[in-house]
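> Next comes start.txt, compact mmCIF, C-alpha atoms:
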```txt
# COMPACT_ATOMS: atom_id res chain seq x y z
CA MET V 1 1.95 -64.70 -4.15
CA GLU V 2 3.61 -62.04 -6.28
CA ASN V 3 0.63 -59.71 -6.64
CA ASN V 4 -0.94 -60.20 -3.24
CA PRO V 5 -2.44 -56.85 -2.13
CA THR V 6 -1.79 -57.61 1.53
CA ILE V 7 1.91 -58.15 0.88
CA ASP V 8 2.06 -55.09 -1.37
CA ASN V 9 0.51 -53.05 1.41
CA LEU V 10 2.91 -54.38 4.02
CA ILE V 11 5.90 -53.62 1.84
CA LEU V 12 4.52 -50.14 1.17
CA GLU V 13 4.11 -49.52 4.89
CA MET V 14 7.65 -50.72 5.57
CA ARG V 15 9.05 -48.47 2.89
CA ARG V 16 7.04 -45.45 3.98
CA GLY V 17 9.27 -44.66 6.94
CA ALA V 18 12.42 -45.14 4.87
CA ILE V 19 11.27 -42.74 2.14
CA VAL V 20 11.67 -39.65 4.34
CA LEU V 21 15.18 -40.70 5.32
CA ALA V 22 16.12 -41.48 1.72
CA THR V 23 14.77 -38.12 0.52
CA LEU V 24 16.47 -36.05 3.21
CA SER V 25 19.75 -37.87 2.63
CA GLN V 26 19.82 -36.87 -1.05
CA LEU V 27 19.06 -33.19 -0.51
CA LYS V 28 22.30 -32.02 1.04
CA GLU V 29 22.83 -30.60 -2.42
CA GLU V 30 19.84 -28.82 -3.90
CA GLN V 31 17.78 -30.72 -6.47
CA TYR V 32 14.48 -30.33 -8.25
CA GLY V 33 11.84 -33.01 -7.85
CA TYR V 34 12.39 -34.90 -11.07
CA SER V 35 16.18 -35.01 -10.76
CA LEU V 36 15.81 -36.25 -7.18
CA MET V 37 13.48 -38.99 -8.37
CA LYS V 38 15.99 -39.98 -11.05
CA SER V 39 18.93 -40.00 -8.69
CA LEU V 40 17.04 -42.12 -6.16
CA SER V 41 16.05 -44.47 -8.97
CA ASP V 42 19.68 -44.69 -10.16
CA LYS V 43 20.56 -45.85 -6.66
CA ASN V 44 17.80 -48.50 -6.84
CA PHE V 45 15.40 -46.62 -4.56
CA GLU V 46 12.24 -46.48 -6.66
CA ILE V 47 9.67 -43.86 -5.72
CA ASP V 48 6.85 -42.59 -7.90
CA GLN V 49 6.18 -38.90 -8.47
CA GLY V 50 2.74 -39.17 -6.81
CA THR V 51 4.50 -39.98 -3.55
CA LEU V 52 7.63 -37.87 -3.83
CA TYR V 53 6.17 -34.51 -4.81
CA PRO V 54 3.57 -34.29 -2.03
CA LEU V 55 6.23 -35.55 0.40
CA LEU V 56 8.63 -32.76 -0.58
CA ARG V 57 5.92 -30.19 0.11
CA ARG V 58 5.08 -31.79 3.45
CA LEU V 59 8.72 -31.81 4.53
CA GLU V 60 8.95 -28.17 3.56
CA ASP V 61 5.82 -27.36 5.60
CA GLN V 62 7.49 -29.11 8.55
CA GLY V 63 10.57 -26.94 8.10
CA LEU V 64 12.91 -29.80 7.14
CA LEU V 65 13.40 -28.56 3.59
CA VAL V 66 13.62 -25.17 1.94
CA SER V 67 12.67 -24.56 -1.65
CA ASP V 68 12.76 -21.90 -4.27
CA TRP V 69 11.51 -21.55 -7.82
CA ARG V 70 14.12 -20.87 -10.44
CA LEU V 71 13.77 -20.15 -14.11
CA GLU V 72 15.87 -22.40 -16.34
CA GLY V 73 15.45 -21.23 -19.89
CA ALA V 74 11.74 -20.75 -20.23
CA ARG V 75 10.97 -23.42 -17.62
CA PRO V 76 10.43 -22.79 -13.94
CA ARG V 77 11.71 -25.51 -11.61
CA ARG V 78 11.42 -25.81 -7.88
CA TYR V 79 14.69 -26.64 -6.15
CA TYR V 80 14.65 -28.29 -2.74
CA LYS V 81 17.45 -28.40 -0.20
CA ILE V 82 17.67 -29.65 3.35
CA SER V 83 17.31 -26.92 6.01
CA PRO V 84 19.55 -26.60 9.11
CA ASP V 85 16.72 -28.12 11.18
CA GLY V 86 16.36 -30.85 8.60
CA SER V 87 20.06 -31.66 8.86
CA LYS V 88 19.76 -32.18 12.60
CA ILE V 89 16.76 -34.40 12.15
CA LEU V 90 18.50 -36.32 9.37
CA GLU V 91 21.30 -37.14 11.77
CA ARG V 92 18.85 -38.39 14.37
CA LEU V 93 16.97 -40.45 11.80
CA GLN V 94 20.21 -41.89 10.51
CA ASN V 95 21.17 -43.09 14.00
CA GLU V 96 17.72 -44.52 14.47
CA TRP V 97 18.02 -46.32 11.16
CA THR V 98 21.41 -47.81 12.02
CA ASN V 99 20.05 -49.06 15.35
CA MET V 100 17.01 -50.50 13.68
CA VAL V 101 19.05 -52.32 11.06
CA HIS V 102 21.22 -53.74 13.84
CA THR V 103 18.21 -54.82 15.91
CA MET V 104 16.37 -56.27 12.96
CA GLY V 105 19.50 -58.11 11.92
CA GLN V 106 19.58 -59.78 15.31
CA LEU V 107 15.85 -60.52 15.25
CA LEU V 108 15.94 -62.02 11.80
CA SER V 109 19.15 -64.05 12.14
CA MET T 1 -1.61 -29.01 -29.32
CA SER T 2 0.64 -30.83 -26.89
CA THR T 3 0.68 -27.91 -24.46
CA ASN T 4 -3.08 -27.91 -24.59
CA TRP T 5 -3.22 -31.40 -23.07
CA ILE T 6 -0.90 -30.37 -20.28
CA ASP T 7 -3.06 -27.32 -19.60
CA ARG T 8 -6.15 -29.46 -19.42
CA TYR T 9 -4.48 -32.00 -17.15
CA VAL T 10 -3.07 -29.42 -14.77
CA ALA T 11 -6.40 -27.58 -14.60
CA GLN T 12 -8.22 -30.83 -13.85
CA VAL T 13 -5.83 -31.60 -10.96
CA GLY T 14 -6.29 -28.04 -9.71
CA ARG T 15 -10.07 -28.44 -9.50
CA SER T 16 -9.65 -31.01 -6.72
CA LEU T 17 -7.23 -28.82 -4.74
CA PRO T 18 -8.03 -26.16 -2.17
CA GLN T 19 -7.79 -22.59 -3.49
CA SER T 20 -4.90 -21.69 -1.18
CA LYS T 21 -2.53 -24.31 -2.61
CA ARG T 22 -3.87 -24.57 -6.14
CA THR T 23 -1.60 -22.24 -8.10
CA ASP T 24 1.59 -23.51 -6.52
CA ILE T 25 0.78 -27.20 -6.94
CA GLU T 26 -0.42 -26.64 -10.49
CA LYS T 27 2.89 -25.01 -11.31
CA GLU T 28 4.76 -27.91 -9.75
CA ILE T 29 2.79 -30.53 -11.68
CA ARG T 30 3.31 -28.67 -14.94
CA SER T 31 7.04 -28.53 -14.25
CA LEU T 32 7.06 -32.27 -13.49
CA VAL T 33 5.21 -33.19 -16.70
CA GLU T 34 7.62 -31.07 -18.71
CA ASP T 35 10.63 -32.71 -17.00
CA MET T 36 9.24 -36.13 -17.77
CA LEU T 37 8.61 -35.19 -21.40
CA GLU T 38 12.11 -33.80 -21.80
CA ASP T 39 13.57 -36.95 -20.31
CA ARG T 40 11.51 -39.17 -22.58
CA SER T 41 12.29 -37.12 -25.66
CA GLN T 42 16.02 -37.53 -24.98
CA ALA T 43 15.68 -41.24 -24.24
CA GLU T 44 13.69 -41.93 -27.40
CA ASN T 45 15.68 -39.44 -29.42
CA ARG T 46 12.67 -37.73 -30.97
CA PRO T 47 10.83 -34.49 -30.40
CA VAL T 48 7.88 -34.20 -28.04
CA ASP T 49 4.57 -34.82 -29.80
CA GLU T 50 0.97 -35.29 -28.81
CA GLU T 51 1.28 -39.04 -28.46
CA MET T 52 4.26 -38.72 -26.13
CA THR T 53 2.48 -36.04 -24.08
CA LEU T 54 -0.60 -38.19 -23.64
CA ALA T 55 1.55 -41.20 -22.69
CA VAL T 56 3.32 -39.18 -19.98
CA ILE T 57 0.03 -37.80 -18.68
CA LYS T 58 -1.36 -41.32 -18.57
CA GLU T 59 1.67 -42.35 -16.55
CA MET T 60 1.06 -39.49 -14.10
CA GLY T 61 -2.34 -40.95 -13.34
CA GLU T 62 -5.86 -39.72 -12.82
CA PRO T 63 -6.03 -36.02 -11.90
CA GLU T 64 -8.23 -36.59 -8.84
CA LYS T 65 -5.84 -39.22 -7.53
CA VAL T 66 -2.84 -36.96 -8.06
CA ALA T 67 -4.62 -34.16 -6.18
CA GLN T 68 -5.48 -36.57 -3.39
CA GLY T 69 -1.78 -37.15 -2.76
CA TYR T 70 -1.40 -33.50 -1.80
CA LEU T 71 -4.33 -33.46 0.60
CA PRO T 72 -4.52 -34.69 4.18
CA GLU T 73 -7.14 -37.33 4.98
CA ARG T 74 -10.45 -35.60 5.39
CA TYR T 75 -13.44 -36.81 7.36
CA LEU T 76 -17.01 -35.79 7.75
CA ILE T 77 -16.87 -37.53 11.12
CA GLY T 78 -13.37 -38.69 12.05
CA PRO T 79 -12.27 -41.78 13.97
CA GLN T 80 -11.96 -39.76 17.19
CA LEU T 81 -15.59 -38.65 17.15
CA TYR T 82 -17.08 -41.73 15.52
CA PRO T 83 -17.65 -43.80 18.71
CA LEU T 84 -19.43 -40.86 20.36
CA PHE T 85 -21.47 -40.33 17.21
CA MET T 86 -22.60 -43.97 17.20
CA LEU T 87 -23.47 -43.82 20.90
CA VAL T 88 -25.62 -40.71 20.48
CA LEU T 89 -27.25 -42.21 17.41
CA LYS T 90 -28.12 -45.46 19.20
CA ILE T 91 -29.60 -43.66 22.20
CA VAL T 92 -31.66 -41.21 20.15
CA LEU T 93 -32.98 -43.83 17.74
CA SER T 94 -33.86 -46.24 20.59
CA VAL T 95 -35.75 -43.56 22.50
CA MET T 96 -37.56 -42.64 19.28
CA ALA T 97 -38.43 -46.30 18.67
CA VAL T 98 -39.92 -46.58 22.16
CA ILE T 99 -41.99 -43.44 21.67
CA ALA T 100 -43.15 -44.63 18.24
CA LEU T 101 -44.08 -48.03 19.69
CA ILE T 102 -46.13 -46.43 22.45
CA GLY T 103 -47.84 -44.20 19.91
CA LEU T 104 -48.60 -47.20 17.72
CA VAL T 105 -50.01 -49.31 20.55
CA GLY T 106 -52.04 -46.30 21.66
CA SER T 107 -53.62 -45.76 18.26
CA ILE T 108 -54.28 -49.46 17.70
CA THR T 109 -56.00 -49.93 21.04
CA LYS T 110 -57.87 -46.64 21.08
CA GLU T 111 -60.83 -48.13 19.25
CA PRO T 112 -61.67 -51.54 17.87
CA MET T 113 -59.90 -52.16 14.56
CA LEU T 114 -60.08 -54.72 11.83
CA PRO T 115 -56.85 -56.69 11.27
CA GLY T 116 -56.44 -54.93 7.91
CA GLU T 117 -56.72 -51.51 9.48
CA MET T 118 -54.30 -52.54 12.19
CA LEU T 119 -51.79 -53.65 9.56
CA LYS T 120 -52.21 -50.37 7.71
CA THR T 121 -51.75 -48.32 10.89
CA THR T 122 -48.64 -50.35 11.73
CA GLY T 123 -47.23 -49.90 8.24
CA MET T 124 -47.84 -46.16 8.35
CA ALA T 125 -46.21 -45.94 11.79
CA ILE T 126 -43.12 -47.78 10.53
CA LEU T 127 -42.87 -45.52 7.48
CA GLU T 128 -43.25 -42.48 9.69
CA TYR T 129 -40.56 -43.80 12.02
CA VAL T 130 -38.15 -44.40 9.15
CA GLY T 131 -38.79 -40.89 7.82
CA THR T 132 -38.25 -39.23 11.17
CA ALA T 133 -35.24 -41.42 11.90
CA LEU T 134 -33.59 -40.35 8.64
CA GLN T 135 -34.28 -36.72 9.43
CA ILE T 136 -32.79 -37.07 12.90
CA LEU T 137 -29.83 -39.00 11.50
CA GLY T 138 -29.21 -36.07 9.15
CA ASN T 139 -29.32 -33.59 12.01
CA ILE T 140 -26.96 -35.62 14.18
CA VAL T 141 -24.53 -36.03 11.29
CA LEU T 142 -24.67 -32.27 10.71
CA VAL T 143 -23.91 -31.50 14.36
CA PHE T 144 -21.00 -33.95 14.37
CA ALA T 145 -19.68 -32.70 11.04
CA ILE T 146 -19.57 -29.18 12.51
CA LEU T 147 -17.84 -30.58 15.60
CA GLN T 148 -15.36 -32.40 13.36
CA TYR T 149 -14.66 -29.20 11.46
CA ALA T 150 -14.14 -27.20 14.66
CA TRP T 151 -12.26 -30.02 16.39
CA PRO T 152 -8.65 -29.19 15.47
CA LYS T 153 -9.23 -25.57 16.47
CA MET T 154 -10.68 -26.51 19.84
CA LYS T 155 -7.74 -28.76 20.72
CA ILE T 156 -9.86 -31.01 22.93
CA ASP T 157 -8.62 -34.48 23.63
CA LEU T 158 -11.41 -36.91 24.41
CA HIS T 159 -8.97 -39.35 25.89
CA ASP T 160 -6.64 -37.99 28.53
CA ASN T 161 -4.12 -40.76 29.02
CA GLU T 162 -2.61 -39.09 32.08
CA LYS T 163 -5.88 -38.96 33.98
CA TRP T 164 -6.95 -42.43 32.94
CA ASN T 165 -6.79 -44.89 35.79
CA PRO T 166 -6.91 -48.64 35.12
CA ARG T 167 -8.49 -49.16 38.53
CA GLU T 168 -11.62 -47.47 37.22
CA LEU T 169 -12.12 -50.20 34.63
CA GLU T 170 -15.64 -51.58 34.79
CA PRO T 171 -16.17 -55.21 35.73
CA VAL T 172 -17.05 -57.44 32.83
CA GLU T 173 -20.76 -58.08 32.71
CA ASP T 174 -21.94 -61.20 30.98
CA ALA T 175 -24.96 -60.08 28.98
CA GLN T 176 -26.21 -63.64 28.61
CA ARG T 177 -26.06 -64.49 32.31
CA VAL T 178 -29.40 -64.55 34.11
CA LYS T 179 -29.50 -62.47 37.27
CA ARG T 180 -31.12 -65.17 39.41
CA PHE T 181 -31.86 -62.99 42.42
CA GLU T 182 -33.78 -60.53 40.26
CA LYS T 183 -35.80 -63.35 38.76
CA LEU T 184 -36.64 -64.74 42.20
CA TRP T 185 -38.05 -61.36 43.18
CA ASP T 186 -40.12 -61.25 39.99
CA ILE T 187 -41.54 -64.69 40.77
CA ALA T 188 -42.32 -63.69 44.35
CA PHE T 189 -44.18 -60.57 43.23
CA ALA T 190 -46.17 -62.48 40.62
CA LEU T 191 -47.12 -65.14 43.19
CA VAL T 192 -48.23 -62.49 45.67
CA GLY T 193 -50.31 -60.86 42.93
CA LEU T 194 -51.90 -64.16 41.94
CA LEU T 195 -52.79 -65.18 45.48
CA LEU T 196 -53.88 -61.77 46.70
CA PHE T 197 -56.13 -60.73 43.86
CA ASN T 198 -57.62 -64.17 43.17
CA PHE T 199 -58.22 -65.48 46.66
CA TYR T 200 -58.05 -62.55 49.05
CA SER T 201 -59.29 -59.66 46.92
CA GLN T 202 -61.77 -58.75 49.63
CA VAL T 203 -58.91 -57.60 51.87
CA VAL T 204 -57.43 -55.27 49.24
CA GLY T 205 -58.40 -51.79 50.23
CA ILE T 206 -57.67 -48.89 52.47
CA TYR T 207 -57.90 -49.29 56.21
CA ASN T 208 -58.65 -46.17 58.14
CA LEU T 209 -58.70 -45.62 61.89
CA VAL T 210 -61.47 -43.21 62.82
CA ASP T 211 -62.37 -42.61 66.47
CA GLY T 212 -60.65 -45.78 67.59
CA LYS T 213 -62.59 -47.85 65.09
CA TRP T 214 -61.11 -49.40 61.94
CA SER T 215 -63.06 -48.85 58.79
CA PHE T 216 -62.33 -50.50 55.43
CA TYR T 217 -62.78 -49.11 51.92
CA PRO T 218 -62.42 -51.53 49.05
CA VAL T 219 -60.25 -50.25 46.25
CA LEU T 220 -60.87 -52.77 43.48
CA ALA T 221 -63.82 -52.13 41.20
CA ASP T 222 -65.66 -54.49 38.84
CA GLY T 223 -63.46 -53.36 36.00
CA PHE T 224 -60.46 -54.83 37.76
CA PHE T 225 -62.00 -58.30 37.88
CA HIS T 226 -62.83 -58.02 34.22
CA TYR T 227 -59.10 -57.75 33.55
CA LEU T 228 -58.03 -60.25 36.22
CA PRO T 229 -57.87 -63.27 33.86
CA TRP T 230 -55.43 -61.30 31.69
CA PHE T 231 -53.35 -60.30 34.71
CA ASN T 232 -53.34 -63.95 35.79
CA ALA T 233 -52.16 -65.04 32.37
CA ALA T 234 -49.36 -62.43 32.44
CA TRP T 235 -48.26 -63.44 35.94
CA LEU T 236 -48.35 -67.17 35.19
CA LEU T 237 -46.42 -66.75 31.95
CA GLY T 238 -43.94 -64.52 33.75
CA ILE T 239 -43.43 -67.12 36.48
CA LEU T 240 -43.00 -69.85 33.85
CA LEU T 241 -40.40 -67.83 31.94
CA ASN T 242 -38.51 -66.90 35.10
CA VAL T 243 -38.45 -70.50 36.33
CA ILE T 244 -37.01 -71.58 32.96
CA LEU T 245 -34.44 -68.76 33.11
CA ILE T 246 -33.35 -69.64 36.64
CA ARG T 247 -32.98 -73.30 35.67
CA ARG T 248 -30.96 -72.52 32.55
CA GLY T 249 -28.90 -69.76 34.12
CA ARG T 250 -28.35 -68.12 30.72
CA TRP T 251 -30.39 -66.15 28.26
CA ASP T 252 -30.79 -67.65 24.80
CA MET T 253 -32.74 -66.77 21.68
CA PRO T 254 -36.04 -68.55 22.61
CA THR T 255 -36.11 -67.05 26.11
CA ARG T 256 -35.32 -63.58 24.78
CA TRP T 257 -38.11 -63.79 22.24
CA ALA T 258 -40.44 -65.11 24.92
CA SER T 259 -39.50 -62.18 27.12
CA ILE T 260 -40.20 -59.74 24.28
CA ALA T 261 -43.56 -61.41 23.60
CA LEU T 262 -44.44 -61.17 27.28
CA GLY T 263 -43.44 -57.49 27.31
CA LEU T 264 -45.68 -56.85 24.30
CA PHE T 265 -48.48 -58.71 26.10
CA HIS T 266 -48.05 -56.39 29.12
CA ILE T 267 -48.09 -53.36 26.84
CA ALA T 268 -51.23 -54.64 25.12
CA ILE T 269 -53.04 -55.11 28.44
CA CYS T 270 -52.00 -51.68 29.73
CA SER T 271 -52.92 -49.99 26.47
CA ASN T 272 -56.30 -51.62 26.54
CA ILE T 273 -56.83 -50.43 30.11
CA LEU T 274 -55.78 -46.92 29.10
CA SER T 275 -58.22 -46.95 26.19
CA THR T 276 -61.17 -48.08 28.31
CA GLY T 277 -60.26 -45.78 31.20
CA PRO T 278 -58.11 -46.97 34.11
CA GLN T 279 -60.51 -45.33 36.56
CA ASN T 280 -62.96 -48.19 35.91
CA LEU T 281 -60.61 -50.64 37.59
CA PHE T 282 -60.54 -48.92 40.93
CA GLN T 283 -62.87 -47.22 43.34
CA ILE T 284 -61.44 -43.79 43.20
CA SER T 285 -64.29 -41.85 44.69
CA THR T 286 -63.30 -40.62 48.11
CA LEU T 287 -66.88 -39.99 49.22
CA GLY T 288 -67.53 -41.70 52.50
CA PHE T 289 -63.83 -41.77 53.20
CA GLY T 290 -63.43 -39.78 56.38
CA ASN T 291 -64.88 -36.30 56.15
CA ILE T 292 -64.14 -35.30 52.60
CA ALA T 293 -66.37 -32.66 51.07
CA PRO T 294 -67.97 -33.40 47.68
CA SER T 295 -66.08 -30.48 46.12
CA ALA T 296 -62.75 -31.87 47.33
CA ASP T 297 -63.80 -35.29 46.09
CA VAL T 298 -64.06 -34.00 42.53
CA VAL T 299 -60.49 -32.74 42.68
CA LEU T 300 -59.16 -35.88 44.36
CA THR T 301 -60.98 -38.16 41.94
CA SER T 302 -59.62 -36.27 38.99
CA LEU T 303 -56.12 -36.41 40.48
CA ALA T 304 -56.46 -40.14 41.06
CA LYS T 305 -57.62 -40.61 37.48
CA GLN T 306 -54.64 -38.68 36.12
CA GLY T 307 -52.35 -40.60 38.42
CA LEU T 308 -53.68 -43.92 37.13
CA ILE T 309 -53.24 -42.82 33.50
CA GLY T 310 -49.68 -41.81 34.35
CA LEU T 311 -49.05 -45.11 36.12
CA PHE T 312 -50.21 -47.30 33.23
CA GLY T 313 -48.39 -45.04 30.78
CA LEU T 314 -45.23 -45.47 32.83
CA ILE T 315 -45.61 -49.25 32.84
CA ILE T 316 -45.87 -49.18 29.03
CA VAL T 317 -42.72 -47.04 28.76
CA LEU T 318 -40.78 -49.30 31.14
CA GLU T 319 -41.89 -52.43 29.28
CA ALA T 320 -40.90 -50.85 25.97
CA VAL T 321 -37.47 -49.94 27.37
CA LYS T 322 -37.11 -53.55 28.57
CA ILE T 323 -37.97 -54.82 25.10
CA VAL T 324 -35.34 -52.56 23.52
CA GLN T 325 -32.78 -53.74 26.09
CA THR T 326 -33.63 -57.35 25.35
CA LEU T 327 -33.28 -56.72 21.63
CA LEU T 328 -29.89 -55.07 22.19
CA GLY T 329 -28.86 -57.99 24.43
CA MET T 330 -29.53 -60.31 21.51
CA PHE T 331 -26.83 -58.69 19.47
CA LYS T 332 -24.27 -58.40 22.24
CA LYS T 333 -21.61 -61.05 22.21
```
Now, as a test, write the supplied structure out as structure tokens.


Amino acid sequence: MENNPTIDNLILEMRRGAIVLATLSQLKEEQYGYSLMKSLSDKNFEIDQGTLYPLLRRLEDQGLLVSDWRLEGARPRRYYKISPDGSKILERLQNEWTNMVHTMGQLLS
Amino acid sequence: MSTNWIDRYVAQVGRSLPQSKRTDIEKEIRSLVEDMLEDRSQAENRPVDEEMTLAVIKEMGEPEKVAQGYLPERYLIGPQLYPLFMLVLKIVLSVMAVIALIGLVGSITKEPMLPGEMLKTTGMAILEYVGTALQILGNIVLVFAILQYAWPKMKIDLHDNEKWNPRELEPVEDAQRVKRFEKLWDIAFALVGLLLFNFYSQVVGIYNLVDGKWSFYPVLADGFFHYLPWFNAAWLLGILLNVILIRRGRWDMPTRWASIALGLFHIAICSNILSTGPQNLFQISTLGFGNIAPSADVVLTSLAKQGLIGLFGLIIVLEAVKIVQTLLGMFKK
């Protein structure tokens, strides 16, 4: 049962919606991709780089994040931060999430 | 050396990315690999070496897969256009099959053939059909791929949910149900044909009222009676099949195959008539019919001949269409 691809897929699908919310929530302060991944991991939200990096770019394309390259020593790093539009959407998503948790709690009890 | 592996990796990812995004994404991936290496070097408390670099790159995953993560799903023919594509494909290939079948029957019946020759002709026709079908498939795919490419720019929505009205939903048609009324008509026609041409053929003709006197011109020629046993067989078999269908009320595999066999039998008879000349079945000379000049007769006769060729050709096409429909009905649930 542990390595059932159907279950893996279902869990992945369930997590997919939450990933955007988790990412936006952690970018009130600017962070570069790897540090964001680490900080999410420290809070027990595991996400692999193959998912996070393209997601950050997509969110930026949608105007929810802003980014800029900065040189740290000899190394360039791209810092992401939530945009004003992103903040509004984060609030909406947060409400939606709270409602969903409430509803699901009732459904599953 | 270690940087070299990163260069190679980043370049390999870049090859699968569109030009417009390549440089930026490459830069990002390089930055990520370096962050991961730095992290690992600190965790393991040793400097970055080739082994560590390769381990991190391995962890990143295959370059093509990494690039895929940055790209939207791409289709040659997307899910929106796919149903239309399949519909067009089915129609075109069915029409082609009918045409090929007619061509095949035509060439087999044109002149007497040995079974071996017939088999060879059939094999060649099938090969030719497959070749043409593949070519046409390619063309249709090309047209749809262009449509797919232009689709987002055209902003056309095939399915307008606002305009859609549930009251326009089509009634469910049971493909296996026999339409009894239709079959009764078929039986009636076949019976009329059997009785008329076998027992009252002398009354089949054209009646003309000239100067208050009826005159009669027979239409059937000797050639017709040569074929009559075959017509009789076709009518009798048709009646038999239709009686069975009406009794059962539903199509099933044996009746469908029987219907296809009967259709092929009709096509064979018509093709044979076409190859021997349909004008031999009927009296088509108009001489003696009213006051028609010999010069007009030539034209009329020729017209009648062309008309008969067209008529038998049409019957073949209709029978072939019916066969295709029956075949499709077999696969419908």

> Excluding segment 297-306 of chain T and residues on its chain fewer than 3 positions from it, collect all residues at most 6 Å away from it, counting all atoms listed in the file, and give them as a count of residues only.

6

> Please compute the atom CA of Ile239 of chain T-atom CA of Leu314 of chain T distance, one decimal, in Å.

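Calculated distance between atom CA of Ile239 of chain T and atom CA of Leu314 of chain T is 22.0 Å.
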
> With only C-alpha atoms as the counted atoms, please give the residues lying no more than 6 Å from segment 177-189 of chain T, apart from itself and same-chain residues fewer than 3 positions off, as a ChimeraX atom specification.

/T:174,192,239,242,246,249-250

> For the contact check between chain V and chain T, emit one row per residue of chain V within 7 Å, containing the shortest atom pair and the distance in Å rounded to one decimal, counting only C-alpha atoms, chain then rising number order, as a tab-separated table.


```
residue	atom	partner	partner_atom	distance
V:Tyr34	CA	T:Leu32	CA	6.4
V:Gly50	CA	T:Val66	CA	6.1
V:Thr51	CA	T:Gly69	CA	6.9
V:Pro54	CA	T:Tyr70	CA	5.0
V:Pro76	CA	T:Ser31	CA	6.7
V:Arg77	CA	T:Ser31	CA	6.2
```

> Can you measure atom CA of Lys90 of chain T to atom CA of Leu264 of chain T for me? One decimal in Å is fine.

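Atom-to-atom, atom CA of Lys90 of chain T and atom CA of Leu264 of chain T are spaced 21.5 Å apart.
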